[in-house]
Number of protein chains: 2
Amino acid sequence: MAPELEQAIAAAQAAVQQQGDTVRSLKASLKDGNAQQSQVEEAIQKLQQLKLELSEHQKAYQAATGKASSQNKEAFRAGLTNTLERRLFYIPSFKIYGSVAGFYDYGPPGCAIKQNLTQAWRQHFVLEENMLEVECPAVTPEAVLKASGHVERFTDFMVTDVKTGDCYRADHLLEAAIEAALEDTKAPLSPEARKEAEDMLAGVGEMRAEALGAALTKFGVVAPDTKNPISTPFPFNLMFKTSIGPRGDLVGYLRPETAQGIFVNFRDLLYFNGGKLPFAAAQIGNAYRNEISPRAGLLRVREFTQAEIEHFVNPDDKRHPKFDKVAALQPLLYSRAMQMGDDKRAQALSLGDAVSQGIIANQTLAYFIGRTWLFFLRVGVDPARMRFRQHLQHEMAHYAEDCWDAEVQTSYGWVECAGLADRSAYDLRAHTTASKTELTAYEKFAEPREVDVLRVIPNKKEMGTAFKKDAKAVTEALEALPEEEAECLRKSLEADGKGSVTSADGTKFTVTSAMLEIKRERKKLAGRNFTPSVIEPSFGIGRIIYCVFEHSYYTREGDETRAVFKFTPTVAPTKATVFPLVQKEALNEQAGKISAALTAAGLSNIVDTTGNTIGKRYARTDEIGVPYAVTVDFQTLEGEGVTLRERDTMTQVRVPVDEIAQVIRKLVDSAISWQEVAAKYPAQKAAEQEEQQ
Amino acid sequence: MAPELEQAIAAAQAAVQQQGDTVRSLKASLKDGNAQQSQVEEAIQKLQQLKLELSEHQKAYQAATGKASSQNKEAFRAGLTNTLERRLFYIPSFKIYGSVAGFYDYGPPGCAIKQNLTQAWRQHFVLEENMLEVECPAVTPEAVLKASGHVERFTDFMVTDVKTGDCYRADHLLEAAIEAALEDTKAPLSPEARKEAEDMLAGVGEMRAEALGAALTKFGVVAPDTKNPISTPFPFNLMFKTSIGPRGDLVGYLRPETAQGIFVNFRDLLYFNGGKLPFAAAQIGNAYRNEISPRAGLLRVREFTQAEIEHFVNPDDKRHPKFDKVAALQPLLYSRAMQMGDDKRAQALSLGDAVSQGIIANQTLAYFIGRTWLFFLRVGVDPARMRFRQHLQHEMAHYAEDCWDAEVQTSYGWVECAGLADRSAYDLRAHTTASKTELTAYEKFAEPREVDVLRVIPNKKEMGTAFKKDAKAVTEALEALPEEEAECLRKSLEADGKGSVTSADGTKFTVTSAMLEIKRERKKLAGRNFTPSVIEPSFGIGRIIYCVFEHSYYTREGDETRAVFKFTPTVAPTKATVFPLVQKEALNEQAGKISAALTAAGLSNIVDTTGNTIGKRYARTDEIGVPYAVTVDFQTLEGEGVTLRERDTMTQVRVPVDEIAQVIRKLVDSAISWQEVAAKYPAQKAAEQEEQQ
């Protein structure tokens with residue numbers, strides 16, 4: 001029954017939209033004298049009737065299915081995307097050349113939001129947490145990305161249409177096929193087959209090439225555009241490849257993440273920090289992934305901005321000195337146990353409890369979960385539609401200790417916007433091995449520690465007899481044996497009377513018990529060198545922006561549907577608009593002066609001298625999320641201040657001209673609330689219909 | 001004689017440096033009780049003697065040559081670079097993997113400066129000039145860069161070592177060879193040969209492959225590293241090439257400049273601006289050039305940040321409404337005439353005069369020269385070491401109307417940091433042709449204009465007879481003839497009685513006078529479509545940063561040489577340091593509170609609890625250019641404020657604790673000057689030796 005109801009909703013929605021257009025155009029004609037007031041009123045009446053019908057259909061759907069219609073989601077997203085592209089928040093790149101999938105331009109309001117959001121991130125993390133910010137190139141030589149594992153493993157599985165060569169992501173095709181089979185009402189699956197299909201669907205993300213190939217065959221998957229057969233899945237590396245320098249023999253890639261730039265600088269950064277741990281480094285910059293099939297607008301693109309933090313910490317002490325500042329926060333947590341449980345719901349839990357109950361692995365990871373939550377709230381994400389989801393054991397890399405994704409609910413479902421991972425010492429160890437540069441820190445013990453060490457004492461005479469000219473090399477190799485290998489040698493000598501040792505140049509020598517003595521000694525150590533663990537909070541800026549768009553967008557119902565973005569003042573691309581009430585030189589001049597004062601206070605602003613009705617101008621400015629509007633009228637010229645209107649409450653106050661820039665500055669800085677402003681300055685009653693004109 | 005004197009200076013400089021180290025380490029030992037006061041005093045006496053000797057050598061050099069020694073320049077740059085790399089302003093990228101030429105990382109202070117400088121740029125240009133900021137991807141499909149001409153022409157000439165394959169820039173090799181020949185005292189050139197060599201040197205930049213090859217042969221140039229023969233020069237494209245998408249058939253490049261992203265969005269941006277001209281769009285972002293031989297540190301790198309403006313304007317009206325705001329400014333201008341004249345000196349000239357005398361082509365270009373000058377001053381470039389140099393006629397592209405480079409004098413000579421060009425309609429026309437999308441604006445005339453137009457009236461009957469089935473195509477082609485071609489046809493018919501016309505599908509037809517009539521008619525036009533001109537100010541952020549480093553760096557002479565960066569508060573990476581006078585818990589706590597207040601006010605700050613002498617801590621903080629230092633002492637705990645010290649004057653005042661964050665905020669925002677602060681708060685006399693401790 002649901003499909004019929006959805007169709008009814010769609011039809012009703014289209015009718016409302018069309019009638020809305022009619023009302024708008026009639027109003028315009030009314031102004032030009034080409035329509036009569038009665039015509040307009042009649043059209044409005046019809047519009048209201050249509051809206052009523054739409055709402056009935058929606059209620060019927062919800063009653064029948066227990067959920068909001070996907071038609072609603074589609075309509076919501078269509079309205080949002082229409083507003084975003086029309087007002088140039090973002091647009092497909094290279095449009096006049098036909099565009100290329102996965103690339104977007106930020107137009108003026110989108111660009112301003114991105115700036116505001118990254119600046120807020122910098123203030124929230126870099127400044128407030130005293131992080132060391134770095135900026136490294138995107139072009140990266142192969143050696144770095146070989147060490148990090150990206151050259152070998154940064155792949156998705158691809159299949160091609162065997163006739164056209166078109167490319168598809170194997171997992172996407174398989175998911176679509178399984179979902180189709182599960183929803184197929186004409187040839188329903190047996191209960192066993194259904195269970196099997198559901199289990200497979202949950203595991204598609206972790207399948208390797210062979211399993212994917214078998215499953216694609218099982219479901220009879222063909223190329224979706226041509227119905228041609230497809231190839232077996234093979235790995236496709238997602239890095240953009242290039243060549244550095246004129247010789248053409250130095251392979252480079254565009255970095256797939258910003259993190260590696262921090263790891264390779266670890267030594268210098270540790271030195272910069274006076275040799276002390278813990279410390280965090282951060283980087284905001286672009287990363288690149290040559291996605292096989294980019295989709296979902298800003299959510300899966302080929303060039304995107306990341307903000308990454310690498311917090312280096314002693315693996316034996318992952319407490320955080322400021323943990324008490326976040327311990328009482330209660331974000332929605334969706335732990336491994338909750339995901340495996342029956343009701344599969346995230347729960348609000350204090351971070352203090354989550355750590356003490358062992359749900360989050362350590363204080364530092366939990367601290368960053370708290371700070372991340374506060375950041376998302378600060379930029380306008382709805383806390384009720386945001387959760388931290390813990391990775392299941394099989395989702396995590398073998399070295400990872402614990403991982404949580406910050407997920408935001410949107411019309412596309414839950415979207416991963418940040419990942420917080422305790423990656424242990426993996427990255428620094430990998431670069432130590434590949435670069436032959438020790439990336440370690442030194443810890444001075446509070447008290448010198450007595451430890452048992454194995455000491456290997458070669459018998460020089462025996463060595464000389466046995467190894468002649470190699471004696472020196474063997475002796476040195478024995479004396480330099482690391483603890484573990486010395487222990488291994490000791491056991492071997494005990495068992496067989498002989499063992500082996502490898503000299504610095506790689507030659508292997510057999511030694512016997514007669515040639516050396518291995519003694520256990522107590523030694524006092526003042527400190528130790530160790531490879532720090534790294535806790536990595538990593539943010540996808542474009543994804544956060546898209547989620548902020550979804551959570552900020554709403555429509556106000558009046559005669560016509562009006563789009564509004566309720567951006568926080570921090571994020572809003574334009575902080576204020578200035579309207580001369582009517583087109584008069586004196587008013588324009590005064591508006592220009594106020595605009596200049598706002599600019600001098602660092603507040604982006606627009607002067608709108610179109611002379612449209614104030615209501616129309618409010619609507620235009622609501623649509624790009626401007627929080628404050630200043631109207632200059634004739635009383636302003638007589639020294640009686642200006643009208644200041646707040647976007648969401650649509651309330652107005654009267655503020656003296658010489659205070660207006662500072663009032664808005666303070667509002668934007670959250671140094672004063674709108675309630676306080678409303679209490680301090682006289683209210684200005686808006687004509688009831690002003691907002692609707 | 002000069003080389004010997006330079007060597008003497010170098011030796012003396014090294015001795016001073018070494019003795020400085022000795023003094024420093026003796027002082028440290030003194031503290032630990034391992035040295036005596038007398039030893040320190042003796043070492044200082046020796047240091048002062050060495051400095052005196054150095055100064056004598058420098059004076060002798062200057063007397064002999066009439067200029068400061070290049071040794072001075074080298075020493076200056078060595079000191080500067082040492083400080084920059086040691087304090088992690090910037091470092092070669094991928095160091096642990098041996099680095100790759102032309103790539104640099106910005107460490108924490110460098111990164112902060114870059115942020116501050118780009119934010120200042122955004123405030124100065126985007127906000128204050130109401131520009132439309134956009135952000136486009138760096139990965140760009142080939143079509144865009146074919147249209148812009150980069151695929152074909154963005155090249156440098158390269159030669160290779162025929163045996164090793166090593167690559168060199170042909171012009172660099174030639175310049176070095178000519179300079180060596182000019183300076184060769186053993187086989188001096190004849191006056192004619194010298195004149196010829198000098199002329200050639202001035203023209204190396206504009207030489208094409210053949211001329212370069214001939215000149216390299218003439219000077220017998222070989223590969224500098226091996227002395228092997230070199231190849232003939234050939235063009236090498238400087239763009240990094242890659243492939244977009246999984247198929248591998250879509251060629252992409254990393255953009256060599258950010259400008260193209262603006263041009264391809266022109267239509268949307270014009271719409272966003274309500275269809276009105278002039279308007280400016282701006283973009284800050286990374287650009288990439290695969291330089292053949294990167295050198296000179298931050299000045300010639302392979303990945304760099306640009307800030308570009310494209311100001312679109314009616315070609316018939318390049319006045320600027322705010323020109324009077326810059327008309328009185330007097331930057332140093334180095335016009336074409338001055339460059340060709342005898343004394344080859346730039347002159348301070350008001351921009352108003354420069355425009356009215358026709359030195360700068362138009363008001364808009366001059367307006368941006370003025371704004372650029374103000375920006376450079378705002379971020380700390382010395383106006384006496386900065387000039388605007390006009391391109392000579394042969395330096396400009398054929399379509400350019402006028403070009404000026406903002407050049408800054410450094411130890412490397414004059415460095416181009418920004419280019420300001422009137423590029424006429426070239427870019428938009430190129431993209432119109434390639435994308436088949438009209439990139440034009442509409443101008444409504446104030447009054448409808450009567451114009452003479454040629455109207456072509458085909459004689460349908462004659463056409464039918466002559467062209468049969470093609471008659472319709474020929475008729476349409478004739479009716480659609482643009483003005484200029486119609487005029488051409490008219491002349492042809494008049495002279496020969498026949499002419500030709502090309503139909504839409506490209507076929508050429510011969511027409512005779514009998515087949516058509518061409519009439520001159522008067523027509524009323526309400527407006528016109530036209531391709532706007534573009535005025536492009538383009539900034540290299542990394543180069544500006546390097547110049548700011550050079551112009552901000554100086555050393556204070558005391559017992560030891562102390563490096564200082566006199567960064568403007570806007571640019572300074574850290575705005576304030578907070579020092580507890582000695583290591584006491586109560587002082588540290590108070591310092592922490594002040595630090596938190598500074599952070600909340602958006603002021604980056606460092607708390608230094610090392611317990612070093614205040615003088616040492618001042619020195620460390622001067623070295624990264626922190627403008628303000630706050631010292632917390634025991635009187636602070638008794639409510640008697642803190643000491644605030646200004647970096648350059650080294651003067652101190654006493655400020656109440658609850659005012660300190662706001663005082664520094666205002667100083668950083670230039671809302672108050674240090675003089676005003678010094679007048680308002682009681683002075684705190686520094687112990688004479690405090691700065692030197």
# chains A, B, ... in the order shown; residues from 1 in each chain; ligands from 1
>>> interface_residues(of="chain A", to="chain B", cutoff="6 Å", atoms="only C-alpha atoms", output="tab-separated table (two decimals) with N, CA, C and O atoms, in the first residue's frame")
chain	number	residue	atom	x	y	z
A	96	ILE	N	30.61	24.57	-17.49
A	96	ILE	CA	30.52	24.91	-18.93
A	96	ILE	C	31.26	23.90	-19.78
A	96	ILE	O	31.12	23.89	-20.99
A	97	TYR	N	32.06	23.02	-19.16
A	97	TYR	CA	32.71	21.95	-19.91
A	97	TYR	C	32.05	20.59	-19.61
A	97	TYR	O	32.66	19.54	-19.79
A	105	ASP	N	32.51	23.16	-6.72
A	105	ASP	CA	33.00	24.48	-6.35
A	105	ASP	C	32.14	25.02	-5.21
A	105	ASP	O	30.93	24.82	-5.22
A	106	TYR	N	32.76	25.70	-4.28
A	106	TYR	CA	32.00	26.47	-3.32
A	106	TYR	C	31.83	27.88	-3.87
A	106	TYR	O	32.83	28.55	-4.16
A	107	GLY	N	30.59	28.31	-4.01
A	107	GLY	CA	30.34	29.69	-4.40
A	107	GLY	C	30.43	30.60	-3.18
A	107	GLY	O	30.76	30.13	-2.08
A	108	PRO	N	30.15	31.90	-3.34
A	108	PRO	CA	30.39	32.84	-2.24
A	108	PRO	C	29.82	32.43	-0.87
A	108	PRO	O	30.58	32.38	0.09
A	111	CYS	N	31.63	29.20	0.36
A	111	CYS	CA	33.02	29.50	0.65
A	111	CYS	C	33.14	30.19	2.02
A	111	CYS	O	34.02	29.85	2.82
A	132	LEU	N	49.97	21.95	17.76
A	132	LEU	CA	50.96	22.45	16.82
A	132	LEU	C	50.39	22.26	15.41
A	132	LEU	O	50.28	21.14	14.94
A	133	GLU	N	50.04	23.36	14.78
A	133	GLU	CA	49.46	23.24	13.45
A	133	GLU	C	50.57	23.25	12.40
A	133	GLU	O	51.52	24.02	12.48
A	134	VAL	N	50.45	22.36	11.43
A	134	VAL	CA	51.42	22.31	10.33
A	134	VAL	C	50.67	22.34	9.00
A	134	VAL	O	49.47	22.13	8.94
A	135	GLU	N	51.42	22.64	7.95
A	135	GLU	CA	50.83	22.59	6.62
A	135	GLU	C	51.83	21.94	5.68
A	135	GLU	O	52.95	22.43	5.52
A	136	CYS	N	51.46	20.83	5.10
A	136	CYS	CA	52.36	20.06	4.25
A	136	CYS	C	51.77	19.98	2.84
A	136	CYS	O	50.58	20.18	2.65
A	241	LYS	N	47.74	9.63	-9.27
A	241	LYS	CA	49.18	9.44	-9.47
A	241	LYS	C	49.72	10.56	-10.35
A	241	LYS	O	49.04	11.02	-11.27
A	242	THR	N	50.94	10.97	-10.07
A	242	THR	CA	51.59	11.95	-10.94
A	242	THR	C	53.09	11.69	-10.91
A	242	THR	O	53.55	10.69	-10.36
A	245	GLY	N	59.07	16.38	-10.93
A	245	GLY	CA	60.33	16.77	-11.54
A	245	GLY	C	60.36	16.43	-13.01
A	245	GLY	O	59.50	15.70	-13.51
A	246	PRO	N	61.35	16.99	-13.72
A	246	PRO	CA	61.35	16.87	-15.18
A	246	PRO	C	61.81	15.52	-15.71
A	246	PRO	O	61.52	15.18	-16.84
A	290	ASN	N	40.53	9.24	-5.82
A	290	ASN	CA	40.00	9.05	-7.17
A	290	ASN	C	38.88	8.02	-7.15
A	290	ASN	O	39.02	6.92	-7.67
A	292	ILE	N	35.82	5.57	-7.56
A	292	ILE	CA	35.34	4.86	-8.75
A	292	ILE	C	34.01	5.45	-9.22
A	292	ILE	O	33.81	5.71	-10.40
A	435	SER	N	61.97	4.67	6.91
A	435	SER	CA	62.90	5.79	6.72
A	435	SER	C	64.21	5.56	7.47
A	435	SER	O	65.14	6.34	7.32
>>> select_by_dssp(residues="stretch 4-220 of chain A", states="alpha helix (DSSP H)", output="tab-separated table (two decimals) with C-alpha atoms, in the first residue's frame")
chain	number	residue	atom	x	y	z
A	4	GLU	CA	0.43	4.25	-3.72
A	5	LEU	CA	0.45	6.54	-0.70
A	6	GLU	CA	3.89	7.83	-1.65
A	7	GLN	CA	2.65	8.63	-5.13
A	8	ALA	CA	-0.29	10.52	-3.67
A	9	ILE	CA	2.08	12.56	-1.55
A	10	ALA	CA	4.27	13.35	-4.52
A	11	ALA	CA	1.30	14.50	-6.58
A	12	ALA	CA	0.00	16.68	-3.75
A	13	GLN	CA	3.47	18.16	-3.25
A	14	ALA	CA	3.74	19.07	-6.92
A	15	ALA	CA	0.31	20.70	-6.81
A	16	VAL	CA	1.31	22.81	-3.78
A	17	GLN	CA	4.49	23.91	-5.48
A	18	GLN	CA	2.68	24.87	-8.68
A	19	GLN	CA	0.00	26.82	-6.85
A	20	GLY	CA	2.73	28.58	-4.85
A	21	ASP	CA	4.24	29.78	-8.12
A	22	THR	CA	0.81	31.00	-9.25
A	23	VAL	CA	0.38	33.01	-6.06
A	24	ARG	CA	3.82	34.56	-6.45
A	25	SER	CA	3.25	35.60	-10.02
A	26	LEU	CA	-0.22	36.96	-9.29
A	27	LYS	CA	1.24	39.08	-6.49
A	28	ALA	CA	3.81	40.49	-8.88
A	29	SER	CA	1.08	41.23	-11.43
A	30	LEU	CA	-0.97	42.91	-8.73
A	31	LYS	CA	1.87	45.37	-8.19
A	32	ASP	CA	2.01	46.11	-11.91
A	37	GLN	CA	-6.74	41.60	-5.30
A	38	SER	CA	-9.65	39.13	-5.52
A	39	GLN	CA	-7.69	36.90	-7.89
A	40	VAL	CA	-4.80	36.79	-5.43
A	41	GLU	CA	-7.04	35.95	-2.51
A	42	GLU	CA	-8.71	33.17	-4.45
A	43	ALA	CA	-5.33	31.70	-5.37
A	44	ILE	CA	-4.17	31.81	-1.75
A	45	GLN	CA	-7.34	30.04	-0.63
A	46	LYS	CA	-6.71	27.29	-3.15
A	47	LEU	CA	-3.07	27.01	-2.00
A	48	GLN	CA	-4.17	26.51	1.59
A	49	GLN	CA	-6.65	23.84	0.51
A	50	LEU	CA	-3.89	21.98	-1.37
A	51	LYS	CA	-1.58	22.15	1.65
A	52	LEU	CA	-4.31	20.66	3.79
A	53	GLU	CA	-4.68	17.78	1.34
A	54	LEU	CA	-0.93	17.17	1.32
A	55	SER	CA	-0.86	17.03	5.09
A	56	GLU	CA	-3.74	14.47	5.08
A	57	HIS	CA	-1.81	12.24	2.70
A	58	GLN	CA	1.28	12.48	4.88
A	59	LYS	CA	-0.68	11.55	7.98
A	60	ALA	CA	-2.21	8.57	6.21
A	61	TYR	CA	1.24	7.39	5.19
A	62	GLN	CA	2.63	7.74	8.67
A	63	ALA	CA	-0.38	5.88	10.12
A	64	ALA	CA	0.08	3.04	7.62
A	65	THR	CA	3.84	2.66	7.88
A	70	SER	CA	10.73	8.65	1.91
A	71	GLN	CA	8.85	10.98	-0.41
A	72	ASN	CA	9.17	13.52	2.39
A	73	LYS	CA	12.91	12.93	2.51
A	74	GLU	CA	13.20	13.24	-1.25
A	75	ALA	CA	11.12	16.42	-1.27
A	76	PHE	CA	13.13	17.84	1.62
A	77	ARG	CA	16.39	17.13	-0.18
A	78	ALA	CA	15.09	18.47	-3.49
A	79	GLY	CA	14.08	21.74	-1.81
A	80	LEU	CA	17.39	21.97	0.00
A	81	THR	CA	19.52	21.20	-3.05
A	82	ASN	CA	17.54	23.61	-5.16
A	83	THR	CA	18.18	26.42	-2.66
A	84	LEU	CA	21.85	25.50	-2.27
A	85	GLU	CA	22.60	25.46	-5.99
A	86	ARG	CA	20.42	28.46	-6.83
A	108	PRO	CA	30.39	32.84	-2.24
A	109	PRO	CA	28.08	31.74	0.62
A	110	GLY	CA	29.48	28.19	0.67
A	111	CYS	CA	33.02	29.50	0.65
A	112	ALA	CA	32.26	31.81	3.58
A	113	ILE	CA	30.68	28.96	5.54
A	114	LYS	CA	33.70	26.79	4.90
A	115	GLN	CA	35.99	29.55	6.11
A	116	ASN	CA	33.89	30.15	9.21
A	117	LEU	CA	33.72	26.46	10.00
A	118	THR	CA	37.46	25.85	9.61
A	119	GLN	CA	38.21	28.97	11.65
A	120	ALA	CA	35.87	27.70	14.36
A	121	TRP	CA	37.67	24.35	14.23
A	142	GLU	CA	55.87	7.43	-3.28
A	143	ALA	CA	58.24	6.45	-0.44
A	144	VAL	CA	56.00	8.12	2.18
A	145	LEU	CA	52.83	6.41	0.95
A	146	LYS	CA	54.54	3.06	0.56
A	147	ALA	CA	55.55	3.24	4.21
A	150	HIS	CA	48.52	3.39	0.90
A	151	VAL	CA	50.35	2.31	-2.26
A	152	GLU	CA	49.57	-1.30	-1.50
A	153	ARG	CA	46.26	-1.18	0.30
A	170	ALA	CA	31.84	-4.11	-6.82
A	171	ASP	CA	30.39	-3.59	-3.33
A	172	HIS	CA	27.82	-1.04	-4.57
A	173	LEU	CA	26.58	-3.45	-7.25
A	174	LEU	CA	26.38	-6.32	-4.79
A	175	GLU	CA	24.53	-4.27	-2.16
A	176	ALA	CA	21.99	-3.16	-4.76
A	177	ALA	CA	21.49	-6.78	-5.92
A	178	ILE	CA	20.98	-8.13	-2.41
A	179	GLU	CA	18.57	-5.33	-1.52
A	180	ALA	CA	16.59	-6.02	-4.70
A	181	ALA	CA	16.42	-9.72	-3.87
A	182	LEU	CA	15.25	-8.98	-0.33
A	183	GLU	CA	12.53	-6.62	-1.58
A	191	PRO	CA	13.46	-17.72	5.29
A	192	GLU	CA	16.91	-19.36	5.16
A	193	ALA	CA	17.90	-17.54	1.96
A	194	ARG	CA	16.64	-14.27	3.47
A	195	LYS	CA	18.74	-14.75	6.60
A	196	GLU	CA	21.77	-15.58	4.46
A	197	ALA	CA	21.23	-12.51	2.26
A	198	GLU	CA	20.83	-10.24	5.27
A	199	ASP	CA	24.05	-11.53	6.83
A	200	MET	CA	25.86	-11.05	3.55
A	201	LEU	CA	24.55	-7.50	3.18
A	202	ALA	CA	25.92	-6.58	6.62
A	203	GLY	CA	29.35	-7.90	5.64
A	209	ALA	CA	37.92	-9.91	-4.11
A	210	GLU	CA	37.15	-13.62	-4.19
A	211	ALA	CA	34.11	-13.48	-1.92
A	212	LEU	CA	32.76	-10.45	-3.81
A	213	GLY	CA	33.18	-12.27	-7.13
A	214	ALA	CA	31.40	-15.37	-5.86
A	215	ALA	CA	28.52	-13.31	-4.45
A	216	LEU	CA	28.14	-11.24	-7.63
A	217	THR	CA	27.92	-14.49	-9.62
A	218	LYS	CA	25.44	-15.98	-7.15
>>> atom_distance(atom1="atom CA of B:Gly639", atom2="atom CA of B:Ala591")
13.5 Å
>>> atom_distance(atom1="atom CA of B:Gln583", atom2="atom CA of B:Gly611")
5.4 Å
>>> atom_distance(atom1="atom CA of B:Phe549", atom2="atom CA of B:Gln409")
12.0 Å
>>> select_by_dssp(residues="stretch 436-560 of chain A", states="strand (DSSP E or B)", output="NGL selection string")
:A and (441-458 or 498-502 or 508-512 or 516-530 or 533-540 or 553-557)
>>> closest_residue(among="B:Gln363, B:Gln652, B:Thr609, B:Ser492", to="B:Asp317", atoms="only C-alpha atoms")
B:Gln363
>>> residues_around(residues="B:Glu450", least_positions_apart="2", cutoff="12 Å", atoms="only C-alpha atoms", output="MDAnalysis selection string")
chainID B and resid 445 447:448 452:453 521:527
>>> residues_around(residues="B:Leu587", least_positions_apart="4", cutoff="10 Å", atoms="only C-alpha atoms", output="compact mmCIF listing (two decimals) with N, CA, C and O atoms, in the first residue's frame")
# COMPACT_ATOMS: atom_id res chain seq x y z
N PHE B 579 54.60 34.71 31.28
CA PHE B 579 55.70 34.19 32.07
C PHE B 579 55.38 34.28 33.56
O PHE B 579 55.25 35.39 34.07
N PRO B 580 55.32 33.18 34.27
CA PRO B 580 55.37 33.28 35.72
C PRO B 580 56.83 33.63 36.07
O PRO B 580 57.75 33.01 35.52
N LEU B 581 57.05 34.63 36.92
CA LEU B 581 58.41 35.14 37.18
C LEU B 581 59.35 34.02 37.60
O LEU B 581 60.46 33.91 37.09
N VAL B 582 58.90 33.20 38.54
CA VAL B 582 59.70 32.04 38.96
C VAL B 582 58.79 30.83 39.03
O VAL B 582 57.57 30.94 38.93
N GLN B 583 59.38 29.64 39.21
CA GLN B 583 58.57 28.43 39.23
C GLN B 583 57.88 28.23 40.57
O GLN B 583 58.41 27.57 41.46
N ALA B 591 49.12 32.44 35.83
CA ALA B 591 49.51 32.52 34.43
C ALA B 591 48.54 31.72 33.57
O ALA B 591 48.13 32.15 32.49
N GLY B 592 48.13 30.55 34.07
CA GLY B 592 47.18 29.71 33.36
C GLY B 592 45.86 30.44 33.15
O GLY B 592 45.25 30.36 32.07
N LYS B 593 45.42 31.16 34.18
CA LYS B 593 44.15 31.90 34.07
C LYS B 593 44.26 32.99 33.01
O LYS B 593 43.33 33.22 32.23
N THR B 609 56.84 28.22 31.42
CA THR B 609 57.09 27.97 32.84
C THR B 609 58.46 27.36 33.07
O THR B 609 58.71 26.70 34.07
N THR B 631 54.25 39.29 32.29
CA THR B 631 54.94 38.61 33.39
C THR B 631 54.08 38.66 34.65
O THR B 631 53.59 39.72 35.04
N VAL B 632 53.91 37.48 35.24
CA VAL B 632 53.15 37.35 36.47
C VAL B 632 54.15 37.26 37.62
O VAL B 632 55.03 36.40 37.59
N ASP B 633 54.05 38.17 38.61
CA ASP B 633 54.99 38.10 39.73
C ASP B 633 54.21 38.10 41.05
O ASP B 633 52.99 37.98 41.06
N PHE B 634 54.95 38.24 42.16
CA PHE B 634 54.26 38.11 43.44
C PHE B 634 53.29 39.26 43.70
O PHE B 634 52.27 39.07 44.33
N THR B 636 51.44 40.47 41.52
CA THR B 636 50.23 40.11 40.80
C THR B 636 49.25 39.42 41.75
O THR B 636 48.04 39.68 41.73
N LEU B 637 49.80 38.54 42.57
CA LEU B 637 48.94 37.79 43.50
C LEU B 637 48.30 38.72 44.53
O LEU B 637 47.28 38.40 45.11
>>> closest_residue(among="A:Glu589, A:Glu443, A:Asp505, A:Glu485", to="A:Arg455", atoms="only C-alpha atoms")
A:Glu485
>>> decode(residues="stretch 453-472 of chain A", atoms="C-alpha atoms", output="JSON list (two decimals), in the first residue's frame")
[["chain", "number", "residue", "atom", "x", "y", "z"],
["A", 453, "VAL", "CA", 68.80, -7.43, 31.63],
["A", 454, "LEU", "CA", 70.60, -10.20, 29.80],
["A", 455, "ARG", "CA", 74.23, -9.39, 29.14],
["A", 456, "VAL", "CA", 76.11, -11.32, 26.47],
["A", 457, "ILE", "CA", 79.84, -11.64, 27.24],
["A", 458, "PRO", "CA", 81.79, -13.11, 24.31],
["A", 459, "ASN", "CA", 84.96, -15.05, 25.09],
["A", 460, "LYS", "CA", 87.42, -13.11, 22.93],
["A", 461, "LYS", "CA", 89.96, -15.91, 22.64],
["A", 462, "GLU", "CA", 87.45, -18.50, 21.53],
["A", 463, "MET", "CA", 85.94, -16.03, 19.11],
["A", 464, "GLY", "CA", 89.30, -15.33, 17.51],
["A", 465, "THR", "CA", 90.02, -19.01, 17.05],
["A", 466, "ALA", "CA", 86.60, -19.76, 15.61],
["A", 467, "PHE", "CA", 86.00, -16.75, 13.35],
["A", 468, "LYS", "CA", 89.45, -15.32, 12.54],
["A", 469, "LYS", "CA", 88.98, -12.05, 10.65],
["A", 470, "ASP", "CA", 85.21, -12.09, 11.32],
["A", 471, "ALA", "CA", 85.70, -12.33, 15.09],
["A", 472, "LYS", "CA", 85.29, -8.58, 15.60]]
